[in-house]
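Next up, start23.cif (mmCIF, C-alpha atoms):
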```cif
data_input
#
loop_
_atom_site.label_atom_id
_atom_site.label_comp_id
_atom_site.auth_asym_id
_atom_site.auth_seq_id
_atom_site.Cartn_x
_atom_site.Cartn_y
_atom_site.Cartn_z
CA MET L 927 155.50 41.84 -2.20
CA LYS L 928 152.09 40.45 -3.07
CA PHE L 929 149.51 40.96 -0.33
CA VAL L 930 147.88 37.66 0.73
CA ASP L 931 145.52 37.56 3.69
CA LEU L 932 143.86 34.11 3.52
CA VAL L 933 145.63 30.76 3.08
CA ARG L 934 145.14 27.08 3.91
CA ILE L 935 148.08 25.04 5.19
CA ALA L 936 148.62 21.47 6.38
CA VAL L 937 150.80 20.84 9.42
CA LYS L 938 152.10 17.51 10.68
CA ALA L 939 154.07 16.93 13.84
CA GLY L 940 156.90 14.41 14.03
CA ARG L 941 156.44 10.74 14.83
CA GLY L 942 157.86 9.46 18.10
CA GLY L 943 160.83 7.14 17.86
CA ASN L 944 160.39 3.42 18.52
CA GLY L 945 161.52 1.90 21.80
CA SER L 946 164.48 -0.47 21.66
CA LEU L 947 164.33 -4.22 22.21
CA SER L 948 167.77 -4.99 23.59
CA PHE L 949 169.52 -7.03 26.29
CA HIS L 950 172.80 -6.26 27.96
CA ARG L 951 175.60 -8.47 26.68
CA GLU L 952 179.25 -8.46 27.68
CA LYS L 953 182.00 -10.90 28.53
CA TYR L 954 181.33 -12.88 31.71
CA LEU L 955 177.75 -11.56 31.75
CA PRO L 956 175.96 -13.68 29.15
CA LYS L 957 172.47 -13.07 30.53
CA GLY L 958 172.34 -9.37 31.28
CA GLY L 959 169.00 -7.69 31.83
CA PRO L 960 166.95 -5.70 29.31
CA ASP L 961 168.57 -2.37 28.39
CA GLY L 962 166.43 -1.13 25.52
CA ALA L 963 165.74 2.61 25.93
CA ASP L 964 162.78 4.76 24.96
CA GLY L 965 162.43 6.51 21.62
CA GLY L 966 162.51 10.31 21.39
CA ARG L 967 159.41 12.46 21.18
CA GLY L 968 158.38 13.84 17.80
CA GLY L 969 158.80 17.55 17.18
CA ASP L 970 155.88 19.97 17.55
CA VAL L 971 154.65 22.40 14.91
CA VAL L 972 154.47 25.85 16.54
CA LEU L 973 152.98 29.05 15.13
CA GLU L 974 154.47 32.34 16.36
CA ALA L 975 153.46 35.94 15.68
CA VAL L 976 156.39 38.18 14.78
CA GLY L 977 156.71 41.82 13.82
CA GLY L 978 157.90 42.91 10.41
CA ILE L 979 155.68 40.51 8.41
CA VAL L 980 152.60 42.10 6.85
CA THR L 981 151.30 39.38 4.54
CA LEU L 982 150.75 35.62 4.30
CA ALA L 983 152.38 35.52 0.86
CA ASP L 984 155.03 33.07 2.06
CA PHE L 985 152.31 30.42 2.36
CA GLU L 986 150.72 30.86 -1.05
CA TYR L 987 152.83 28.08 -2.57
CA ASN L 988 154.45 26.46 0.46
CA LYS L 989 151.47 24.84 2.15
CA LYS L 990 152.76 21.65 3.83
CA PHE L 991 154.85 21.67 6.99
CA GLN L 992 156.43 18.70 8.76
CA ALA L 993 158.28 18.71 12.08
CA GLY L 994 161.20 16.37 12.82
CA HIS L 995 160.75 12.74 13.88
CA GLY L 996 162.06 11.40 17.16
CA GLU L 997 165.02 9.03 17.00
CA HIS L 998 164.62 5.38 17.93
CA GLY L 999 165.84 4.22 21.30
CA LYS L 1000 169.02 2.12 21.47
CA GLY L 1001 170.56 -0.51 23.65
CA SER L 1002 172.66 0.31 26.70
CA MET L 1003 169.82 2.60 27.83
CA ARG L 1004 170.57 5.20 25.15
CA VAL L 1005 167.37 7.24 24.77
CA GLY L 1006 166.52 8.50 21.28
CA ALA L 1007 166.80 12.24 20.65
CA ASN L 1008 163.62 14.29 20.37
CA GLY L 1009 162.51 15.46 16.94
CA GLU L 1010 163.25 19.03 15.92
CA GLU L 1011 160.47 21.54 16.55
CA LEU L 1012 159.15 23.36 13.49
CA LEU L 1013 158.56 27.07 14.11
CA ILE L 1014 156.33 28.91 11.61
CA HIS L 1015 156.41 32.72 11.69
CA LEU L 1016 153.14 34.57 11.05
CA PRO L 1017 152.25 38.28 10.87
CA CYS L 1018 150.68 39.78 13.95
CA GLY L 1019 146.90 39.73 13.62
CA THR L 1020 146.63 36.22 12.18
CA LEU L 1021 143.50 34.32 13.17
CA VAL L 1022 143.97 30.54 13.05
CA ARG L 1023 140.94 28.37 12.27
CA ASP L 1024 140.44 24.63 12.06
CA ALA L 1025 139.82 23.98 8.36
CA GLU L 1026 137.34 21.16 9.04
CA THR L 1027 135.07 22.97 11.48
CA GLY L 1028 135.87 26.62 10.71
CA GLU L 1029 136.19 27.26 14.46
CA PRO L 1030 138.83 29.79 15.57
CA ILE L 1031 141.47 28.08 17.70
CA ALA L 1032 144.06 30.84 18.18
CA ASP L 1033 144.42 34.57 17.60
CA LEU L 1034 148.04 35.66 17.38
CA VAL L 1035 147.96 39.41 17.93
CA GLU L 1036 151.06 40.43 19.88
CA PRO L 1037 154.66 39.68 18.83
CA GLY L 1038 155.94 36.56 20.55
CA GLN L 1039 152.55 34.89 21.03
CA ARG L 1040 152.76 31.18 20.27
CA PHE L 1041 150.37 28.34 19.55
CA VAL L 1042 151.23 24.65 19.30
CA ALA L 1043 149.33 23.70 16.14
CA ALA L 1044 150.29 20.00 16.19
CA ARG L 1045 151.98 18.00 18.95
CA GLY L 1046 154.67 15.46 18.28
CA GLY L 1047 154.00 11.80 18.95
CA ARG L 1048 155.17 10.17 22.17
CA GLY L 1049 158.25 8.03 21.90
CA GLY L 1050 157.79 4.28 22.29
CA ARG L 1051 159.01 2.66 25.49
CA GLY L 1052 161.94 0.29 25.34
CA ASN L 1053 161.83 -3.21 26.81
CA ALA L 1054 163.74 -2.09 29.91
CA HIS L 1055 160.63 -0.09 30.82
CA PHE L 1056 158.53 -3.26 31.15
CA ALA L 1057 160.87 -5.29 33.33
CA ASN L 1058 159.60 -6.17 36.81
CA SER L 1059 160.03 -8.85 39.45
CA VAL L 1060 157.76 -11.24 37.56
CA ARG L 1061 158.61 -10.37 33.93
CA ARG L 1062 162.39 -10.07 34.02
CA ALA L 1063 163.14 -10.41 30.32
CA PRO L 1064 160.37 -8.71 28.31
CA ARG L 1065 160.84 -9.37 24.61
CA PHE L 1066 158.78 -6.50 23.32
CA ALA L 1067 159.04 -2.71 23.01
CA GLU L 1068 156.59 -0.07 21.85
CA LYS L 1069 156.44 1.77 18.57
CA GLY L 1070 156.33 5.55 18.69
CA ASP L 1071 153.03 7.39 18.29
CA PRO L 1072 152.36 9.30 15.07
CA GLY L 1073 152.40 13.06 15.33
CA GLU L 1074 149.21 15.06 15.17
CA GLU L 1075 148.25 16.47 11.81
CA ARG L 1076 145.60 18.93 10.78
CA THR L 1077 144.66 21.47 8.15
CA LEU L 1078 144.51 25.11 9.22
CA LEU L 1079 143.04 28.27 7.76
CA LEU L 1080 145.17 31.35 8.35
CA GLU L 1081 143.27 34.62 8.12
CA LEU L 1082 145.13 37.89 8.45
CA LYS L 1083 143.23 40.81 9.94
CA LEU L 1084 145.27 43.98 10.00
CA ILE L 1085 146.01 45.47 13.39
CA ALA L 1086 145.45 49.20 13.00
CA ASP L 1087 144.16 51.91 15.30
CA VAL L 1088 142.15 53.67 12.60
CA GLY L 1089 140.48 52.30 9.49
CA LEU L 1090 139.74 54.55 6.51
CA VAL L 1091 136.57 53.20 4.89
CA GLY L 1092 134.47 54.31 1.99
CA PHE L 1093 133.60 53.68 -1.64
CA PRO L 1094 136.20 53.47 -4.41
CA ASN L 1095 137.72 56.78 -5.47
CA ALA L 1096 136.48 58.58 -2.34
CA GLY L 1097 140.02 59.75 -1.57
CA LYS L 1098 140.95 57.41 1.30
CA THR L 1099 144.45 56.84 -0.03
CA SER L 1100 145.01 60.57 -0.48
CA ILE L 1101 143.87 61.21 3.08
CA LEU L 1102 146.25 58.51 4.36
CA ALA L 1103 149.13 60.19 2.54
CA ALA L 1104 148.09 63.61 3.89
CA VAL L 1105 147.89 62.62 7.57
CA SER L 1106 150.80 60.16 7.75
CA GLY L 1107 154.18 59.39 6.30
CA ALA L 1108 152.83 56.78 3.93
CA LYS L 1109 153.46 57.03 0.20
CA PRO L 1110 150.74 54.86 -1.31
CA LYS L 1111 149.83 54.64 -4.98
CA ILE L 1112 147.27 57.33 -5.80
CA ALA L 1113 145.27 57.69 -9.01
CA GLY L 1114 141.92 59.11 -10.07
CA TYR L 1115 140.15 55.87 -10.87
CA PRO L 1116 138.33 53.29 -8.73
CA PHE L 1117 140.10 50.37 -7.09
CA THR L 1118 143.56 51.91 -7.11
CA THR L 1119 143.88 50.24 -3.71
CA LEU L 1120 143.62 46.46 -4.13
CA SER L 1121 145.36 45.68 -0.85
CA PRO L 1122 145.57 47.58 2.45
CA ASN L 1123 147.99 50.47 2.87
CA LEU L 1124 149.35 51.36 6.29
CA GLY L 1125 150.54 54.72 7.55
CA VAL L 1126 151.72 55.99 10.93
CA LEU L 1127 150.52 59.26 12.42
CA ALA L 1128 152.86 60.56 15.13
CA VAL L 1129 151.05 62.88 17.57
CA ASP L 1130 152.72 63.81 20.87
CA ASP L 1131 153.77 60.47 22.39
CA GLN L 1132 151.39 58.47 20.23
CA ARG L 1133 152.10 56.44 17.11
CA ILE L 1134 148.72 55.83 15.50
CA VAL L 1135 148.57 53.16 12.80
CA ILE L 1136 146.08 54.04 10.06
CA ALA L 1137 144.89 51.52 7.48
CA ASP L 1138 143.50 52.46 4.09
CA VAL L 1139 141.66 49.32 2.99
CA PRO L 1140 140.26 48.50 -0.46
CA GLY L 1141 137.12 50.37 -1.47
CA LEU L 1142 133.73 49.11 -0.36
CA ILE L 1143 130.90 48.44 -2.78
CA GLU L 1144 127.24 47.73 -2.20
CA GLY L 1145 126.80 44.03 -1.39
CA ALA L 1146 130.25 43.65 0.16
CA HIS L 1147 128.78 41.75 3.12
CA ASP L 1148 127.76 39.06 0.59
CA ASN L 1149 131.40 39.00 -0.59
CA LYS L 1150 130.66 40.98 -3.74
CA GLY L 1151 133.57 42.93 -5.18
CA LEU L 1152 136.45 42.76 -2.71
CA GLY L 1153 133.84 41.87 -0.09
CA HIS L 1154 135.24 40.15 2.95
CA HIS L 1155 138.80 41.01 1.87
CA PHE L 1156 137.77 44.58 2.68
CA LEU L 1157 135.66 44.04 5.76
CA ARG L 1158 137.94 41.67 7.70
CA HIS L 1159 140.62 44.36 7.87
CA VAL L 1160 138.48 46.82 9.79
CA GLU L 1161 137.44 44.36 12.52
CA ARG L 1162 140.37 45.14 14.83
CA THR L 1163 140.39 48.93 14.49
CA ARG L 1164 139.65 51.20 17.43
CA LEU L 1165 137.70 53.62 15.28
CA LEU L 1166 136.60 54.12 11.70
CA VAL L 1167 136.91 57.19 9.50
CA HIS L 1168 134.08 57.14 6.96
CA VAL L 1169 135.30 58.98 3.88
CA ILE L 1170 132.50 60.41 1.71
CA ASP L 1171 133.16 61.67 -1.80
CA LEU L 1172 131.51 65.10 -1.97
CA ALA L 1173 131.72 65.02 -5.78
CA GLU L 1174 129.21 62.15 -5.96
CA ASN L 1175 125.56 62.84 -6.80
CA ASP L 1176 123.97 61.42 -3.63
CA VAL L 1177 126.28 61.66 -0.65
CA LEU L 1178 123.59 60.70 1.87
CA LYS L 1179 122.78 57.50 -0.01
CA ASN L 1180 126.47 56.59 0.04
CA TRP L 1181 126.54 57.12 3.78
CA GLU L 1182 123.44 54.97 4.32
CA THR L 1183 124.83 52.21 2.09
CA LEU L 1184 128.03 52.20 4.11
CA LEU L 1185 126.07 51.75 7.34
CA HIS L 1186 123.94 49.00 5.79
CA GLU L 1187 127.02 47.01 4.76
CA PHE L 1188 128.50 47.26 8.24
CA LYS L 1189 125.24 46.19 9.86
CA ALA L 1190 124.89 43.20 7.53
CA TYR L 1191 128.48 42.07 8.06
CA GLY L 1192 128.26 42.28 11.85
CA ALA L 1193 131.43 42.14 13.98
CA ASP L 1194 130.14 45.22 15.86
CA LEU L 1195 131.26 47.49 13.02
CA LEU L 1196 128.11 49.56 13.26
CA THR L 1197 128.75 50.40 16.92
CA ARG L 1198 132.45 51.17 16.38
CA PRO L 1199 133.34 54.82 17.19
CA CYS L 1200 133.51 56.69 13.92
CA LEU L 1201 134.19 60.01 12.31
CA VAL L 1202 132.62 61.18 9.03
CA VAL L 1203 134.88 63.03 6.62
CA GLY L 1204 133.63 64.75 3.50
CA ASN L 1205 136.50 64.90 1.01
CA LYS L 1206 137.28 66.96 -2.14
CA THR L 1207 136.15 70.39 -0.92
CA ASP L 1208 138.64 71.79 -3.45
CA LEU L 1209 136.17 71.01 -6.24
CA PRO L 1210 133.74 73.92 -6.90
CA GLU L 1211 130.69 71.69 -7.44
CA THR L 1212 130.91 70.10 -3.96
CA GLY L 1213 129.60 73.04 -1.92
CA GLU L 1214 125.95 71.95 -1.82
CA ASN L 1215 126.83 68.33 -0.97
CA ALA L 1216 129.10 69.54 1.83
CA ARG L 1217 126.29 71.57 3.38
CA LEU L 1218 123.83 68.68 2.95
CA LEU L 1219 126.18 66.19 4.62
CA THR L 1220 126.97 68.59 7.47
CA ARG L 1221 123.27 69.24 8.22
CA GLU L 1222 122.45 65.51 8.19
CA MET L 1223 125.32 64.67 10.54
CA GLU L 1224 124.26 67.43 12.93
CA LYS L 1225 120.78 65.85 13.11
CA THR L 1226 122.22 62.46 14.05
CA GLY L 1227 124.83 63.88 16.41
CA GLN L 1228 127.64 62.40 14.31
CA LYS L 1229 130.94 64.32 14.21
CA CYS L 1230 131.68 65.48 10.66
CA LEU L 1231 134.69 67.22 9.12
CA LEU L 1232 135.18 68.66 5.64
CA VAL L 1233 138.62 68.33 4.07
CA SER L 1234 140.55 68.48 0.84
CA ALA L 1235 143.23 65.79 0.82
CA LYS L 1236 144.64 67.33 -2.35
CA ASP L 1237 145.11 70.88 -1.02
CA GLY L 1238 145.48 70.02 2.69
CA ASP L 1239 142.45 72.04 3.80
CA GLY L 1240 141.01 70.68 7.07
CA ILE L 1241 143.77 68.05 7.46
CA PRO L 1242 145.15 69.52 10.75
CA ASN L 1243 141.64 69.38 12.26
CA LEU L 1244 141.29 65.78 11.05
CA ILE L 1245 144.61 64.80 12.66
CA GLU L 1246 143.55 66.39 15.94
CA ALA L 1247 140.16 64.63 15.85
CA ILE L 1248 141.74 61.22 15.13
CA ALA L 1249 144.28 61.61 17.94
CA GLY L 1250 141.56 62.60 20.43
CA MET L 1251 139.32 59.67 19.54
CA VAL L 1252 142.20 57.18 19.77
CA ARG L 1253 143.03 58.44 23.26
CA ALA L 1254 139.39 58.06 24.29
CA HIS L 1255 139.07 54.50 22.97
CA PRO L 1256 141.86 52.10 24.03
CA ARG L 1257 142.47 48.99 21.99
CA PRO L 1258 139.96 46.21 22.73
CA SER L 1259 141.11 42.76 23.75
CA PRO L 1260 141.36 40.18 20.96
CA PRO L 1261 138.22 38.04 20.58
CA VAL L 1262 140.08 34.72 20.71
CA SER L 1263 143.03 34.15 23.03
CA PRO L 1264 145.83 31.73 22.22
CA PRO L 1265 145.25 28.41 24.00
CA LYS L 1266 147.56 27.53 26.85
CA GLU L 1267 150.56 25.34 26.21
CA GLY L 1268 149.67 21.69 26.64
CA LEU L 1269 146.22 21.84 25.10
CA CYS L 1270 145.29 18.56 23.46
CA LEU L 1271 144.32 19.42 19.90
CA LYS L 1272 142.36 16.32 18.95
CA GLY L 1273 139.10 16.81 20.76
CA GLY L 1274 137.82 17.42 24.25
CA PRO L 1275 138.88 15.88 27.55
CA ARG L 1276 141.35 13.04 27.47
CA SER L 1277 139.75 9.61 27.66
CA ARG L 1278 139.89 7.91 31.01
CA GLY L 1279 141.66 4.59 31.08
CA MET L 1280 138.81 2.78 32.85
CA GLU L 1281 136.09 3.71 30.38
CA SER L 1282 134.17 0.68 29.19
CA VAL L 1283 134.98 -0.76 25.78
CA ARG L 1284 132.39 -0.21 23.08
CA VAL L 1285 131.80 -3.16 20.73
CA ILE L 1286 130.12 -2.72 17.34
CA ARG L 1287 128.87 -5.65 15.26
CA LEU L 1288 129.92 -5.07 11.65
CA THR L 1289 127.46 -5.71 8.81
CA GLY L 1290 130.05 -7.62 6.80
CA GLY L 1291 130.85 -9.89 9.74
CA GLY L 1292 133.12 -9.48 12.71
CA PHE L 1293 133.26 -6.91 15.52
CA ARG L 1294 135.05 -3.64 16.12
CA ALA L 1295 136.18 -2.77 19.67
CA GLU L 1296 136.45 0.97 20.33
CA HIS L 1297 138.25 2.58 23.24
CA ALA L 1298 140.67 5.49 22.96
CA ASN L 1299 143.39 4.02 25.20
CA LEU L 1300 142.97 0.55 23.72
CA GLU L 1301 143.42 1.74 20.14
CA LYS L 1302 146.42 3.84 21.12
CA THR L 1303 148.06 0.96 23.00
CA VAL L 1304 147.49 -1.54 20.20
CA ARG L 1305 148.94 0.91 17.67
CA ARG L 1306 152.17 0.95 19.70
CA ILE L 1307 152.63 -2.83 19.60
CA ASP L 1308 155.19 -4.11 17.12
CA PHE L 1309 153.76 -7.45 16.04
CA ASP L 1310 157.09 -8.51 14.53
CA GLN L 1311 158.46 -8.95 18.04
CA GLU L 1312 158.41 -12.25 19.85
CA ASP L 1313 156.16 -11.40 22.80
CA ALA L 1314 153.88 -8.94 20.99
CA LEU L 1315 150.83 -11.23 21.07
CA MET L 1316 151.35 -11.84 24.79
CA LYS L 1317 151.35 -8.10 25.38
CA LEU L 1318 148.19 -7.70 23.32
CA ALA L 1319 146.49 -10.41 25.37
CA ARG L 1320 147.39 -8.64 28.61
CA VAL L 1321 146.00 -5.35 27.31
CA LEU L 1322 142.74 -7.00 26.26
CA LYS L 1323 142.39 -8.61 29.66
CA ARG L 1324 143.18 -5.41 31.60
CA LEU L 1325 140.48 -3.48 29.78
CA LYS L 1326 138.06 -6.43 29.87
CA VAL L 1327 137.78 -6.51 26.10
CA GLU L 1328 137.04 -10.25 26.04
CA GLU L 1329 134.03 -9.81 28.33
CA ALA L 1330 132.70 -6.96 26.18
CA LEU L 1331 133.11 -9.03 23.00
CA GLU L 1332 131.38 -12.07 24.48
CA ALA L 1333 128.54 -9.87 25.74
CA ALA L 1334 128.11 -8.57 22.18
CA GLY L 1335 127.89 -12.14 20.85
CA ALA L 1336 131.44 -12.69 19.59
CA LEU L 1337 132.46 -16.32 19.22
CA LYS L 1338 135.82 -18.03 18.87
CA GLY L 1339 137.20 -17.42 15.38
CA ASP L 1340 135.24 -14.19 14.69
CA LYS L 1341 137.22 -11.33 13.14
CA ILE L 1342 138.00 -8.57 15.67
CA TYR L 1343 139.16 -5.09 14.64
CA ILE L 1344 140.91 -2.63 16.94
CA GLY L 1345 142.04 0.45 15.07
CA ASP L 1346 143.98 -0.84 12.06
CA VAL L 1347 144.71 -4.22 13.69
CA GLU L 1348 142.75 -7.34 12.70
CA PHE L 1349 142.86 -10.72 14.50
CA ASP L 1350 140.76 -13.79 15.20
CA PHE L 1351 138.93 -13.92 18.52
CA VAL L 1352 140.46 -16.58 20.77
CA PRO L 1353 139.43 -16.06 24.41
CA ASP L 1354 142.55 -16.11 26.58
CA LYS L 1355 142.95 -16.90 30.25
CA ILE L 1356 146.11 -15.03 31.08
CA THR L 1357 146.34 -14.33 34.78
CA ARG L 1358 149.26 -11.91 34.86
#
```
Take the structure I supplied and represent it as structure tokens, if you would.
Amino acid sequence: MKFVDLVRIAVKAGRGGNGSLSFHREKYLPKGGPDGADGGRGGDVVLEAVGGIVTLADFEYNKKFQAGHGEHGKGSMRVGANGEELLIHLPCGTLVRDAETGEPIADLVEPGQRFVAARGGRGGRGNAHFANSVRRAPRFAEKGDPGEERTLLLELKLIADVGLVGFPNAGKTSILAAVSGAKPKIAGYPFTTLSPNLGVLAVDDQRIVIADVPGLIEGAHDNKGLGHHFLRHVERTRLLVHVIDLAENDVLKNWETLLHEFKAYGADLLTRPCLVVGNKTDLPETGENARLLTREMEKTGQKCLLVSAKDGDGIPNLIEAIAGMVRAHPRPSPPVSPPKEGLCLKGGPRSRGMESVRVIRLTGGGFRAEHANLEKTVRRIDFDQEDALMKLARVLKRLKVEEALEAAGALKGDKIYIGDVEFDFVPDKITR
């Protein structure tokens, strides 16, 4: 399967069903009361982390997701059914970002963690909902709210205990095969590894996940070469194993370049517990480089091991060192926790119903009235119904929209815009 670790998807929750405009009718009861029921709620779009998935390849071509719509309400107080929830499975370690702002909004690390990416629209209320002692036969019902929609960036960061890092052809893949049960592709040329390989090292009661990620090059922090595709996969590791190719001409320069790239990228990679491993001691020309690397690491107090992944020399000591460091450094908490259920996705605190209406004079003529609850309420009105204009007038009066318009200079006949609704300003004097 192709390894994909960064995709953009669009999610849209279901629309709420419309409320029903209905009156009870049966023999000998010609004037029954209103019995129009509410519409069903639209389905949510939910993201869930599950085990067994290691790539975002399923989203490379399938990028649009739509939850089910709520059913319309019916007469005889039959409430519409809720829309079907859409559940999207993601690999553990997926960071979810808002595509517009780039801000992380959820980090799905453990199997079973969920995040409601888009909430379904509320179902419209039927006319039975609006009946009272004064208004006994309301001839209007609400339309359902549209579901939330947004574009998301999904970024997979591998969850591994140990990350093998180093330049291409340093022998990281060979070391992974030597210390674990993995059987990765191994060849003697750079960039054999174009996507991460995972292996499991079983020591005592521990199962240590080791990731061999694509080779680092100078300038990776600026996204050169495999760049961020390399670096993002070492962010979650408990510790790093820096693999140095002892057959290279300047091993110390390679080590310094590695540190420079980590420092430039950030994410605390430079302070991550690490172990330096000089590989390819089986080659006769590596003796001087091995001594040079060992002396330099002793000066800095950095633990250093010399191994030959090909012959197995030093591999038992490496396994023991990795197991000890993993025990000493428990897994850190994820940087972004999944939001609690019920979080409103479209902005900050919910608008209060008694906020004052904001009126804007438009350059082309007319006025726009802005108020979150007003726009939402007007959007629910079905203007094809008989009493829709009466309901609109009551809403405008309750929120004192007329007063705000007159204070802004609106006159009778001026065009007024509320959301997508346009009408002529005619001051009303409705008292109930």
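The residues caught by the PyMOL selection byres ((chain L and resi 1022-1031) around 8) in this file are L:Arg934, L:Thr1020, L:Leu1021, L:Ala1032, L:Asp1033, L:Leu1034, L:Arg1076, L:Thr1077, L:Leu1078, L:Leu1079, L:Leu1080, L:Glu1081, L:Val1262, L:Pro1264, L:Pro1265.
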(request) To verify the selection step, state as a PyMOL selection string which residues the PyMOL selection byres ((chain L and resi 1291) around 12) yields on this input. (result) chain L and resi 1286-1290+1292-1294+1335-1337+1339-1343+1350
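Considering only C-alpha atoms, the residue among L:Ala1190, L:Asp1071, L:Val1252, L:Lys1083 positioned nearest to Glu1301 of chain L is L:Asp1071.
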(request) For the structure provided, state which residues fall under the PyMOL selection byres ((chain L and resi 1170) around 8), and present them as a ChimeraX atom specification. (result) /L:1092-1093,1096,1168-1169,1171-1172,1177,1180-1181,1202-1205
How about saving the chosen residues, C-alpha atoms kept, as a compact mmCIF listing (two decimals), in the coordinates of the input?
```txt
# COMPACT_ATOMS: atom_id res chain seq x y z
CA GLY L 1092 134.47 54.31 1.99
CA PHE L 1093 133.60 53.68 -1.64
CA ALA L 1096 136.48 58.58 -2.34
CA HIS L 1168 134.08 57.14 6.96
CA VAL L 1169 135.30 58.98 3.88
CA ASP L 1171 133.16 61.67 -1.80
CA LEU L 1172 131.51 65.10 -1.97
CA VAL L 1177 126.28 61.66 -0.65
CA ASN L 1180 126.47 56.59 0.04
CA TRP L 1181 126.54 57.12 3.78
CA VAL L 1202 132.62 61.18 9.03
CA VAL L 1203 134.88 63.03 6.62
CA GLY L 1204 133.63 64.75 3.50
CA ASN L 1205 136.50 64.90 1.01
```
(request) Report the distance between atom CA of Ser1002 of chain L and atom CA of His950 of chain L in Å, rounded to one decimal place. (result) 6.7 Å
(request) Please provide the set of residues having any atom within 9 Å of segment 1041-1049 of chain L, restricted to only C-alpha atoms, with same-chain residues fewer than 2 positions apart removed, written as number ranges by chain. (result) L: 937-945, 964-974, 993-999, 1006, 1008-1009, 1011, 1032-1034, 1039, 1051, 1068-1076, 1078, 1264-1271
(message) To one decimal place in Å, what is the distance between atom CA of Lys1189 of chain L and atom CA of Val1160 of chain L?
(response) 13.3 Å
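Atom pair atom CA of Asn1299 of chain L / atom CA of Ala1054 of chain L has a distance of 21.8 Å (rounded to one decimal).
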(request) Using only C-alpha atoms, give me every residue within 6 Å of (132.0, -4.3, 20.9) in file coordinates, as a VMD selection string. (result) chain L and resid 1284 to 1286 1294 to 1295 1330 to 1331 1334
Could you write those residues out with C-alpha atoms, as a PDB file, in the coordinates of the input?
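Saved file again12.pdb follows:
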```pdb
ATOM      1  CA  ARG L1284     132.390  -0.210  23.080  1.00  0.00           C
ATOM      2  CA  VAL L1285     131.800  -3.160  20.730  1.00  0.00           C
ATOM      3  CA  ILE L1286     130.120  -2.720  17.340  1.00  0.00           C
ATOM      4  CA  ARG L1294     135.050  -3.640  16.120  1.00  0.00           C
ATOM      5  CA  ALA L1295     136.180  -2.770  19.670  1.00  0.00           C
ATOM      6  CA  ALA L1330     132.700  -6.960  26.180  1.00  0.00           C
ATOM      7  CA  LEU L1331     133.110  -9.030  23.000  1.00  0.00           C
ATOM      8  CA  ALA L1334     128.110  -8.570  22.180  1.00  0.00           C
TER       9      ALA L1334
END
```
(request) Dig up all the protein and nucleic acid residues within 12 Å of (146.3, 0.6, 22.3) in the file frame, using only C-alpha atoms, and format them as JSON, numbers by chain. (result) {"L": [1068, 1069, 1070, 1071, 1279, 1283, 1295, 1296, 1297, 1298, 1299, 1300, 1301, 1302, 1303, 1304, 1305, 1306, 1307, 1308, 1317, 1318, 1319, 1320, 1321, 1322, 1324, 1325, 1327, 1343, 1344, 1345, 1346, 1347]}
Since we have the selection now, will you write its residues out, keeping C-alpha atoms, as a compact mmCIF listing (two decimals), in the coordinates of the input?
```txt
# COMPACT_ATOMS: atom_id res chain seq x y z
CA GLU L 1068 156.59 -0.07 21.85
CA LYS L 1069 156.44 1.77 18.57
CA GLY L 1070 156.33 5.55 18.69
CA ASP L 1071 153.03 7.39 18.29
CA GLY L 1279 141.66 4.59 31.08
CA VAL L 1283 134.98 -0.76 25.78
CA ALA L 1295 136.18 -2.77 19.67
CA GLU L 1296 136.45 0.97 20.33
CA HIS L 1297 138.25 2.58 23.24
CA ALA L 1298 140.67 5.49 22.96
CA ASN L 1299 143.39 4.02 25.20
CA LEU L 1300 142.97 0.55 23.72
CA GLU L 1301 143.42 1.74 20.14
CA LYS L 1302 146.42 3.84 21.12
CA THR L 1303 148.06 0.96 23.00
CA VAL L 1304 147.49 -1.54 20.20
CA ARG L 1305 148.94 0.91 17.67
CA ARG L 1306 152.17 0.95 19.70
CA ILE L 1307 152.63 -2.83 19.60
CA ASP L 1308 155.19 -4.11 17.12
CA LYS L 1317 151.35 -8.10 25.38
CA LEU L 1318 148.19 -7.70 23.32
CA ALA L 1319 146.49 -10.41 25.37
CA ARG L 1320 147.39 -8.64 28.61
CA VAL L 1321 146.00 -5.35 27.31
CA LEU L 1322 142.74 -7.00 26.26
CA ARG L 1324 143.18 -5.41 31.60
CA LEU L 1325 140.48 -3.48 29.78
CA VAL L 1327 137.78 -6.51 26.10
CA TYR L 1343 139.16 -5.09 14.64
CA ILE L 1344 140.91 -2.63 16.94
CA GLY L 1345 142.04 0.45 15.07
CA ASP L 1346 143.98 -0.84 12.06
CA VAL L 1347 144.71 -4.22 13.69
```
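Closest approach to Asn1123 of chain L from the set L:Leu1166, L:Ile1248, L:Ala1235, L:Val980 is made by L:Val980, with distances taken over all atoms listed in the file.
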(request) Excluding Ala1137 of chain L and residues on its chain fewer than 3 positions from it, collect all residues at most 8 Å away from it, counting all atoms listed in the file, and give them as a ChimeraX atom specification. (result) /L:1084,1086-1090,1102,1122-1125
(request) Within 6 Å of Lys1000 of chain L, counting all atoms listed in the file, which residues show up once you throw out same-chain ones fewer than 4 positions away? Write them as a PyMOL selection string, please. (result) chain L and resi 946+962-963+1004
Export of the given selection (C-alpha atoms) as a PDB file, keeping the file's coordinate frame:
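So the final result, stored in result_20.pdb, reads:
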```pdb
ATOM      1  CA  SER L 946     164.480  -0.470  21.660  1.00  0.00           C
ATOM      2  CA  GLY L 962     166.430  -1.130  25.520  1.00  0.00           C
ATOM      3  CA  ALA L 963     165.740   2.610  25.930  1.00  0.00           C
ATOM      4  CA  ARG L1004     170.570   5.200  25.150  1.00  0.00           C
TER       5      ARG L1004
END
```
